[in-house]
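The file start.pdb comes next; it holds PDB, C-alpha atoms.
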ATOM      1  CA  MET L   1      88.230 121.815 119.594  1.00  0.00           C
ATOM      2  CA  LYS L   2      91.467 120.496 118.079  1.00  0.00           C
ATOM      3  CA  LYS L   3      92.550 116.917 117.364  1.00  0.00           C
ATOM      4  CA  ARG L   4      95.681 115.435 115.854  1.00  0.00           C
ATOM      5  CA  ILE L   5      94.912 112.366 113.769  1.00  0.00           C
ATOM      6  CA  LEU L   6      97.572 109.862 112.757  1.00  0.00           C
ATOM      7  CA  GLY L   7      96.707 107.781 109.695  1.00  0.00           C
ATOM      8  CA  ILE L   8      98.438 104.444 109.172  1.00  0.00           C
ATOM      9  CA  ASP L   9      98.674 102.368 106.003  1.00  0.00           C
ATOM     10  CA  PRO L  10      99.883  98.986 107.322  1.00  0.00           C
ATOM     11  CA  GLY L  11     102.438  96.808 105.597  1.00  0.00           C
ATOM     12  CA  LEU L  12     105.536  94.768 106.312  1.00  0.00           C
ATOM     13  CA  ALA L  13     108.066  96.275 103.919  1.00  0.00           C
ATOM     14  CA  THR L  14     106.560  99.758 104.182  1.00  0.00           C
ATOM     15  CA  VAL L  15     104.168 101.302 106.700  1.00  0.00           C
ATOM     16  CA  GLY L  16     102.846 104.675 105.643  1.00  0.00           C
ATOM     17  CA  PHE L  17     102.007 107.305 108.221  1.00  0.00           C
ATOM     18  CA  GLY L  18     100.468 110.727 107.930  1.00  0.00           C
ATOM     19  CA  ALA L  19      99.390 113.186 110.597  1.00  0.00           C
ATOM     20  CA  ILE L  20      96.866 115.987 110.270  1.00  0.00           C
ATOM     21  CA  ASP L  21      95.492 118.569 112.650  1.00  0.00           C
ATOM     22  CA  TRP L  22      91.711 118.920 112.602  1.00  0.00           C
ATOM     23  CA  GLN L  23      90.222 121.967 114.268  1.00  0.00           C
ATOM     24  CA  THR L  24      86.772 123.421 114.585  1.00  0.00           C
ATOM     25  CA  LYS L  25      86.277 126.933 115.850  1.00  0.00           C
ATOM     26  CA  GLU L  26      83.090 128.976 115.650  1.00  0.00           C
ATOM     27  CA  GLN L  27      81.521 126.441 113.259  1.00  0.00           C
ATOM     28  CA  GLN L  28      84.570 126.685 110.946  1.00  0.00           C
ATOM     29  CA  THR L  29      86.547 123.483 110.370  1.00  0.00           C
ATOM     30  CA  THR L  30      90.141 123.415 109.171  1.00  0.00           C
ATOM     31  CA  VAL L  31      92.442 120.518 108.369  1.00  0.00           C
ATOM     32  CA  GLN L  32      96.188 120.894 108.050  1.00  0.00           C
ATOM     33  CA  MET L  33      98.913 118.406 107.207  1.00  0.00           C
ATOM     34  CA  VAL L  34     101.482 118.044 110.000  1.00  0.00           C
ATOM     35  CA  ASP L  35     103.849 115.327 108.778  1.00  0.00           C
ATOM     36  CA  PHE L  36     104.010 112.195 106.680  1.00  0.00           C
ATOM     37  CA  GLY L  37     106.478 109.452 105.867  1.00  0.00           C
ATOM     38  CA  VAL L  38     107.132 105.749 105.943  1.00  0.00           C
ATOM     39  CA  ILE L  39     108.648 103.123 108.170  1.00  0.00           C
ATOM     40  CA  ARG L  40     110.631 100.637 106.083  1.00  0.00           C
ATOM     41  CA  THR L  41     111.919  97.157 106.806  1.00  0.00           C
ATOM     42  CA  SER L  42     114.312  95.253 104.609  1.00  0.00           C
ATOM     43  CA  ALA L  43     113.462  91.908 103.044  1.00  0.00           C
ATOM     44  CA  ASP L  44     116.989  90.827 104.074  1.00  0.00           C
ATOM     45  CA  MET L  45     115.976  90.957 107.744  1.00  0.00           C
ATOM     46  CA  GLU L  46     114.441  88.049 109.601  1.00  0.00           C
ATOM     47  CA  MET L  47     110.700  88.386 110.147  1.00  0.00           C
ATOM     48  CA  SER L  48     111.130  88.855 113.899  1.00  0.00           C
ATOM     49  CA  GLN L  49     113.579  91.728 113.319  1.00  0.00           C
ATOM     50  CA  ARG L  50     111.252  93.368 110.809  1.00  0.00           C
ATOM     51  CA  LEU L  51     108.423  93.272 113.331  1.00  0.00           C
ATOM     52  CA  CYS L  52     110.717  94.692 116.040  1.00  0.00           C
ATOM     53  CA  THR L  53     111.655  97.547 113.702  1.00  0.00           C
ATOM     54  CA  LEU L  54     107.972  98.341 113.126  1.00  0.00           C
ATOM     55  CA  PHE L  55     107.342  98.216 116.867  1.00  0.00           C
ATOM     56  CA  ASP L  56     110.215 100.545 117.755  1.00  0.00           C
ATOM     57  CA  ASP L  57     109.701 102.976 114.882  1.00  0.00           C
ATOM     58  CA  LEU L  58     105.958 103.328 115.438  1.00  0.00           C
ATOM     59  CA  HIS L  59     106.618 104.115 119.103  1.00  0.00           C
ATOM     60  CA  THR L  60     108.981 106.867 117.902  1.00  0.00           C
ATOM     61  CA  VAL L  61     106.438 108.252 115.407  1.00  0.00           C
ATOM     62  CA  ILE L  62     103.762 108.363 118.100  1.00  0.00           C
ATOM     63  CA  GLU L  63     106.129 109.998 120.574  1.00  0.00           C
ATOM     64  CA  ASP L  64     107.071 112.649 118.005  1.00  0.00           C
ATOM     65  CA  LEU L  65     103.557 113.383 116.699  1.00  0.00           C
ATOM     66  CA  GLN L  66     101.466 112.908 119.866  1.00  0.00           C
ATOM     67  CA  PRO L  67      98.189 111.946 118.131  1.00  0.00           C
ATOM     68  CA  ASP L  68      94.807 112.113 119.839  1.00  0.00           C
ATOM     69  CA  LEU L  69      93.316 109.531 117.470  1.00  0.00           C
ATOM     70  CA  VAL L  70      94.761 106.916 115.116  1.00  0.00           C
ATOM     71  CA  ALA L  71      93.059 105.806 111.899  1.00  0.00           C
ATOM     72  CA  ILE L  72      94.131 102.518 110.330  1.00  0.00           C
ATOM     73  CA  GLU L  73      93.364 101.010 106.961  1.00  0.00           C
ATOM     74  CA  LYS L  74      91.759  97.592 107.329  1.00  0.00           C
ATOM     75  CA  LEU L  75      93.306  94.617 105.604  1.00  0.00           C
ATOM     76  CA  PHE L  76      92.264  94.092 102.045  1.00  0.00           C
ATOM     77  CA  PHE L  77      92.756  90.545 100.754  1.00  0.00           C
ATOM     78  CA  TYR L  78      94.959  90.232  97.701  1.00  0.00           C
ATOM     79  CA  ARG L  79      96.999  87.037  97.925  1.00  0.00           C
ATOM     80  CA  MET L  80      96.784  84.870 101.023  1.00  0.00           C
ATOM     81  CA  ALA L  81     100.574  84.756 101.610  1.00  0.00           C
ATOM     82  CA  ASN L  82     100.823  88.546 101.424  1.00  0.00           C
ATOM     83  CA  THR L  83      97.782  88.989 103.655  1.00  0.00           C
ATOM     84  CA  ILE L  84      99.335  86.855 106.404  1.00  0.00           C
ATOM     85  CA  VAL L  85     102.564  88.881 106.640  1.00  0.00           C
ATOM     86  CA  VAL L  86     100.655  92.168 106.536  1.00  0.00           C
ATOM     87  CA  ALA L  87      98.377  90.824 109.291  1.00  0.00           C
ATOM     88  CA  GLN L  88     101.439  90.066 111.412  1.00  0.00           C
ATOM     89  CA  ALA L  89     102.718  93.610 110.903  1.00  0.00           C
ATOM     90  CA  ARG L  90      99.271  95.026 111.631  1.00  0.00           C
ATOM     91  CA  GLY L  91      99.172  93.038 114.881  1.00  0.00           C
ATOM     92  CA  VAL L  92     102.384  94.743 115.991  1.00  0.00           C
ATOM     93  CA  LEU L  93     100.904  98.146 115.113  1.00  0.00           C
ATOM     94  CA  MET L  94      97.760  97.369 117.120  1.00  0.00           C
ATOM     95  CA  LEU L  95      99.930  96.265 120.063  1.00  0.00           C
ATOM     96  CA  VAL L  96     101.713  99.636 120.053  1.00  0.00           C
ATOM     97  CA  LEU L  97      98.363 101.459 120.040  1.00  0.00           C
ATOM     98  CA  GLY L  98      97.192  99.315 122.953  1.00  0.00           C
ATOM     99  CA  GLN L  99     100.348 100.020 124.926  1.00  0.00           C
ATOM    100  CA  ARG L 100      99.916 103.743 124.305  1.00  0.00           C
ATOM    101  CA  LYS L 101      96.182 103.531 125.119  1.00  0.00           C
ATOM    102  CA  LEU L 102      95.397 105.419 121.921  1.00  0.00           C
ATOM    103  CA  PRO L 103      91.865 105.352 120.547  1.00  0.00           C
ATOM    104  CA  TYR L 104      91.627 104.185 116.960  1.00  0.00           C
ATOM    105  CA  VAL L 105      89.202 103.777 114.099  1.00  0.00           C
ATOM    106  CA  GLU L 106      89.473 101.447 111.125  1.00  0.00           C
ATOM    107  CA  PHE L 107      88.383 101.906 107.532  1.00  0.00           C
ATOM    108  CA  ALA L 108      88.253  99.507 104.601  1.00  0.00           C
ATOM    109  CA  PRO L 109      89.762 100.762 101.326  1.00  0.00           C
ATOM    110  CA  PRO L 110      86.328 101.324  99.701  1.00  0.00           C
ATOM    111  CA  GLN L 111      85.276 103.488 102.687  1.00  0.00           C
ATOM    112  CA  ILE L 112      88.369 105.665 102.256  1.00  0.00           C
ATOM    113  CA  LYS L 113      87.782 106.007  98.519  1.00  0.00           C
ATOM    114  CA  GLN L 114      84.123 106.873  99.107  1.00  0.00           C
ATOM    115  CA  ALA L 115      84.986 109.487 101.733  1.00  0.00           C
ATOM    116  CA  LEU L 116      87.548 111.251  99.549  1.00  0.00           C
ATOM    117  CA  THR L 117      86.108 110.896  96.040  1.00  0.00           C
ATOM    118  CA  ASN L 118      82.428 109.975  96.555  1.00  0.00           C
ATOM    119  CA  TYR L 119      83.154 106.769  94.640  1.00  0.00           C
ATOM    120  CA  GLY L 120      84.066 103.561  96.495  1.00  0.00           C
ATOM    121  CA  LYS L 121      85.914 102.132  93.503  1.00  0.00           C
ATOM    122  CA  ALA L 122      88.054 105.198  92.720  1.00  0.00           C
ATOM    123  CA  ASP L 123      91.577 104.530  91.523  1.00  0.00           C
ATOM    124  CA  LYS L 124      94.705 105.416  93.454  1.00  0.00           C
ATOM    125  CA  SER L 125      95.417 108.601  91.484  1.00  0.00           C
ATOM    126  CA  GLU L 126      91.935 109.992  92.223  1.00  0.00           C
ATOM    127  CA  VAL L 127      92.426 109.402  95.950  1.00  0.00           C
ATOM    128  CA  GLN L 128      95.882 110.996  95.872  1.00  0.00           C
ATOM    129  CA  GLU L 129      94.556 114.057  94.065  1.00  0.00           C
ATOM    130  CA  ALA L 130      91.797 114.339  96.674  1.00  0.00           C
ATOM    131  CA  VAL L 131      94.420 114.211  99.454  1.00  0.00           C
ATOM    132  CA  MET L 132      96.362 116.980  97.744  1.00  0.00           C
ATOM    133  CA  ARG L 133      93.220 119.095  97.305  1.00  0.00           C
ATOM    134  CA  GLU L 134      91.830 118.546 100.837  1.00  0.00           C
ATOM    135  CA  LEU L 135      95.168 119.442 102.448  1.00  0.00           C
ATOM    136  CA  ASP L 136      95.896 122.303 100.039  1.00  0.00           C
ATOM    137  CA  LEU L 137      99.235 120.787  98.988  1.00  0.00           C
ATOM    138  CA  ASP L 138     101.238 121.731  95.904  1.00  0.00           C
ATOM    139  CA  GLU L 139     101.986 118.115  95.036  1.00  0.00           C
ATOM    140  CA  ILE L 140     100.916 114.593  95.875  1.00  0.00           C
ATOM    141  CA  PRO L 141     102.784 113.276  98.938  1.00  0.00           C
ATOM    142  CA  ARG L 142     105.317 110.556  98.150  1.00  0.00           C
ATOM    143  CA  PRO L 143     105.753 107.675  98.520  1.00  0.00           C
ATOM    144  CA  ASP L 144     102.272 106.307  97.835  1.00  0.00           C
ATOM    145  CA  ASP L 145     102.093 104.647 101.262  1.00  0.00           C
ATOM    146  CA  ALA L 146     102.388 108.055 102.963  1.00  0.00           C
ATOM    147  CA  ALA L 147      99.672 109.530 100.719  1.00  0.00           C
ATOM    148  CA  ASP L 148      97.467 106.546 101.559  1.00  0.00           C
ATOM    149  CA  ALA L 149      98.033 107.146 105.281  1.00  0.00           C
ATOM    150  CA  LEU L 150      96.993 110.792 104.891  1.00  0.00           C
ATOM    151  CA  ALA L 151      93.853 109.579 103.102  1.00  0.00           C
ATOM    152  CA  VAL L 152      93.050 107.355 106.089  1.00  0.00           C
ATOM    153  CA  ALA L 153      93.572 110.292 108.486  1.00  0.00           C
ATOM    154  CA  LEU L 154      91.324 112.527 106.369  1.00  0.00           C
ATOM    155  CA  THR L 155      88.618 109.860 106.353  1.00  0.00           C
ATOM    156  CA  ALA L 156      88.668 109.902 110.153  1.00  0.00           C
ATOM    157  CA  SER L 157      88.513 113.695 110.220  1.00  0.00           C
ATOM    158  CA  PHE L 158      85.319 113.674 108.132  1.00  0.00           C
ATOM    159  CA  GLN L 159      83.611 111.717 110.932  1.00  0.00           C
ATOM    160  CA  LEU L 160      84.478 114.157 113.737  1.00  0.00           C
TER     161      LEU L 160
END

Please lay out the structure from this file as structure tokens.
Amino acid sequence: MKKRILGIDPGLATVGFGAIDWQTKEQQTTVQMVDFGVIRTSADMEMSQRLCTLFDDLHTVIEDLQPDLVAIEKLFFYRMANTIVVAQARGVLMLVLGQRKLPYVEFAPPQIKQALTNYGKADKSEVQEAVMRELDLDEIPRPDDAADALAVALTASFQL
């Protein structure tokens, strides 16, 4: 069985995405990185235009990568003002998934850290090193948002 998993690290200025292929064959499981990157919006744009950019660009990413499953990082509360704008962006992302009828799973940051490092309070560098190791990469994917999205996708793959 083979599945393509798209991980998403939501944000307003930057949405990270990372796609992996998970395959199991004769009780052997392999995971391979397919693509990663970010969707960016400019702070100079009006909020409505930023949300439209996220909407359009995520449709393009999904069209290009054709995922079977999407994994999304749940909101983590830092500052209330920041949480509200990220929630608006996340709502647009969820709308796109609904339009595409894509199944999704959600993980809180501590769940992702636990899955990749066996420690729910691991720091960012430990998670990034785990992403590099799990996907057999020569370097940590950049920018950080893309590496975070790959971490979300890997977390989903561990549950298949």

At a cut-off of 12 Å, can you tabulate as a tab-separated table every residue of region 3-46 of chain L near region 137-152 of chain L together with its closest atom pair and the distance in Å to one decimal, using all atoms listed in the file and ordering rows by chain then number?
residue	atom	partner	partner_atom	distance
L:Arg4	CA	L:Leu150	CA	12.0
L:Ile5	CA	L:Leu150	CA	9.3
L:Leu6	CA	L:Leu150	CA	7.9
L:Gly7	CA	L:Ala149	CA	4.7
L:Ile8	CA	L:Ala149	CA	4.8
L:Asp9	CA	L:Ala149	CA	4.9
L:Pro10	CA	L:Asp145	CA	8.6
L:Gly11	CA	L:Asp145	CA	9.0
L:Leu12	CA	L:Asp145	CA	11.6
L:Ala13	CA	L:Asp145	CA	10.6
L:Thr14	CA	L:Asp145	CA	7.2
L:Val15	CA	L:Asp145	CA	6.7
L:Gly16	CA	L:Ala146	CA	4.3
L:Phe17	CA	L:Ala149	CA	4.9
L:Gly18	CA	L:Leu150	CA	4.6
L:Ala19	CA	L:Leu150	CA	6.6
L:Ile20	CA	L:Leu150	CA	7.5
L:Asp21	CA	L:Leu150	CA	11.1
L:Val31	CA	L:Leu150	CA	11.3
L:Gln32	CA	L:Leu137	CA	9.6
L:Met33	CA	L:Leu150	CA	8.2
L:Val34	CA	L:Leu150	CA	9.9
L:Asp35	CA	L:Leu150	CA	9.1
L:Phe36	CA	L:Ala146	CA	5.8
L:Gly37	CA	L:Ala146	CA	5.2
L:Val38	CA	L:Ala146	CA	6.1
L:Ile39	CA	L:Ala146	CA	9.5
L:Arg40	CA	L:Asp145	CA	10.6

If you take every atom of region 19-33 of chain L that the file lists and fit an axis-aligned box around them with 3 Å extra on each side, what centre and edge lengths come out in Å to one decimal, as lines of an AutoDock Vina configuration file?
center_x = 90.5
center_y = 121.1
center_z = 111.5
size_x = 23.9
size_y = 21.8
size_z = 14.6

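Pairwise distance (CA of Ser42 (chain L), CA of Val92 (chain L)) equals 16.5 Å.
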
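Comparing L:Ile84, L:Leu58, L:Met1, L:Val131 by their smallest distance to Thr29 (chain L), the closest is L:Met1 (using all atoms listed in the file).
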
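Using only C-alpha atoms, the nearest neighbour of Pro109 (chain L) within the list L:Thr60, L:Thr155, L:Thr24, L:Ser48 is L:Thr155.
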
Residues matched by the PyMOL selection byres ((chain L and resi 75) around 12) as a list in words: Ile8, Asp9, Pro10, Gly11, Ile72, Glu73, Lys74, Phe76, Phe77, Tyr78, Arg79, Met80, Asn82, Thr83, Ile84, Val85, Val86, Ala87, Gln88, Ala89, Arg90, Gly91, Glu106, Phe107, Ala108, Pro109 and Pro110 of chain L

Dump C-alpha atoms for the selected residues as a compact mmCIF listing (two decimals), in the coordinates of the input?
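The resulting result-v6.txt:
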# COMPACT_ATOMS: atom_id res chain seq x y z
CA ILE L 8 98.44 104.44 109.17
CA ASP L 9 98.67 102.37 106.00
CA PRO L 10 99.88 98.99 107.32
CA GLY L 11 102.44 96.81 105.60
CA ILE L 72 94.13 102.52 110.33
CA GLU L 73 93.36 101.01 106.96
CA LYS L 74 91.76 97.59 107.33
CA PHE L 76 92.26 94.09 102.04
CA PHE L 77 92.76 90.54 100.75
CA TYR L 78 94.96 90.23 97.70
CA ARG L 79 97.00 87.04 97.92
CA MET L 80 96.78 84.87 101.02
CA ASN L 82 100.82 88.55 101.42
CA THR L 83 97.78 88.99 103.66
CA ILE L 84 99.34 86.86 106.40
CA VAL L 85 102.56 88.88 106.64
CA VAL L 86 100.66 92.17 106.54
CA ALA L 87 98.38 90.82 109.29
CA GLN L 88 101.44 90.07 111.41
CA ALA L 89 102.72 93.61 110.90
CA ARG L 90 99.27 95.03 111.63
CA GLY L 91 99.17 93.04 114.88
CA GLU L 106 89.47 101.45 111.12
CA PHE L 107 88.38 101.91 107.53
CA ALA L 108 88.25 99.51 104.60
CA PRO L 109 89.76 100.76 101.33
CA PRO L 110 86.33 101.32 99.70

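Of note, CA of Thr117 (chain L) and CA of Gln23 (chain L) are spaced 21.7 Å apart.
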
Gap from CA of Tyr104 (chain L) to CA of Ala156 (chain L) - Å, one decimal: 9.4 Å

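Closest approach to Ser157 (chain L) from the set L:Lys113, L:Val127, L:Val70, L:Asp64 is made by L:Val70, with distances taken over all atoms listed in the file.
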
Counting only C-alpha atoms, the option among L:Lys3, L:Lys121, L:Arg133, L:Arg100 closest to Phe55 (chain L): L:Arg100

8 Å contact set for Leu102 (chain L), only C-alpha atoms, chain neighbours under 4 positions out, as a ChimeraX atom specification: /L:68-70,97-98
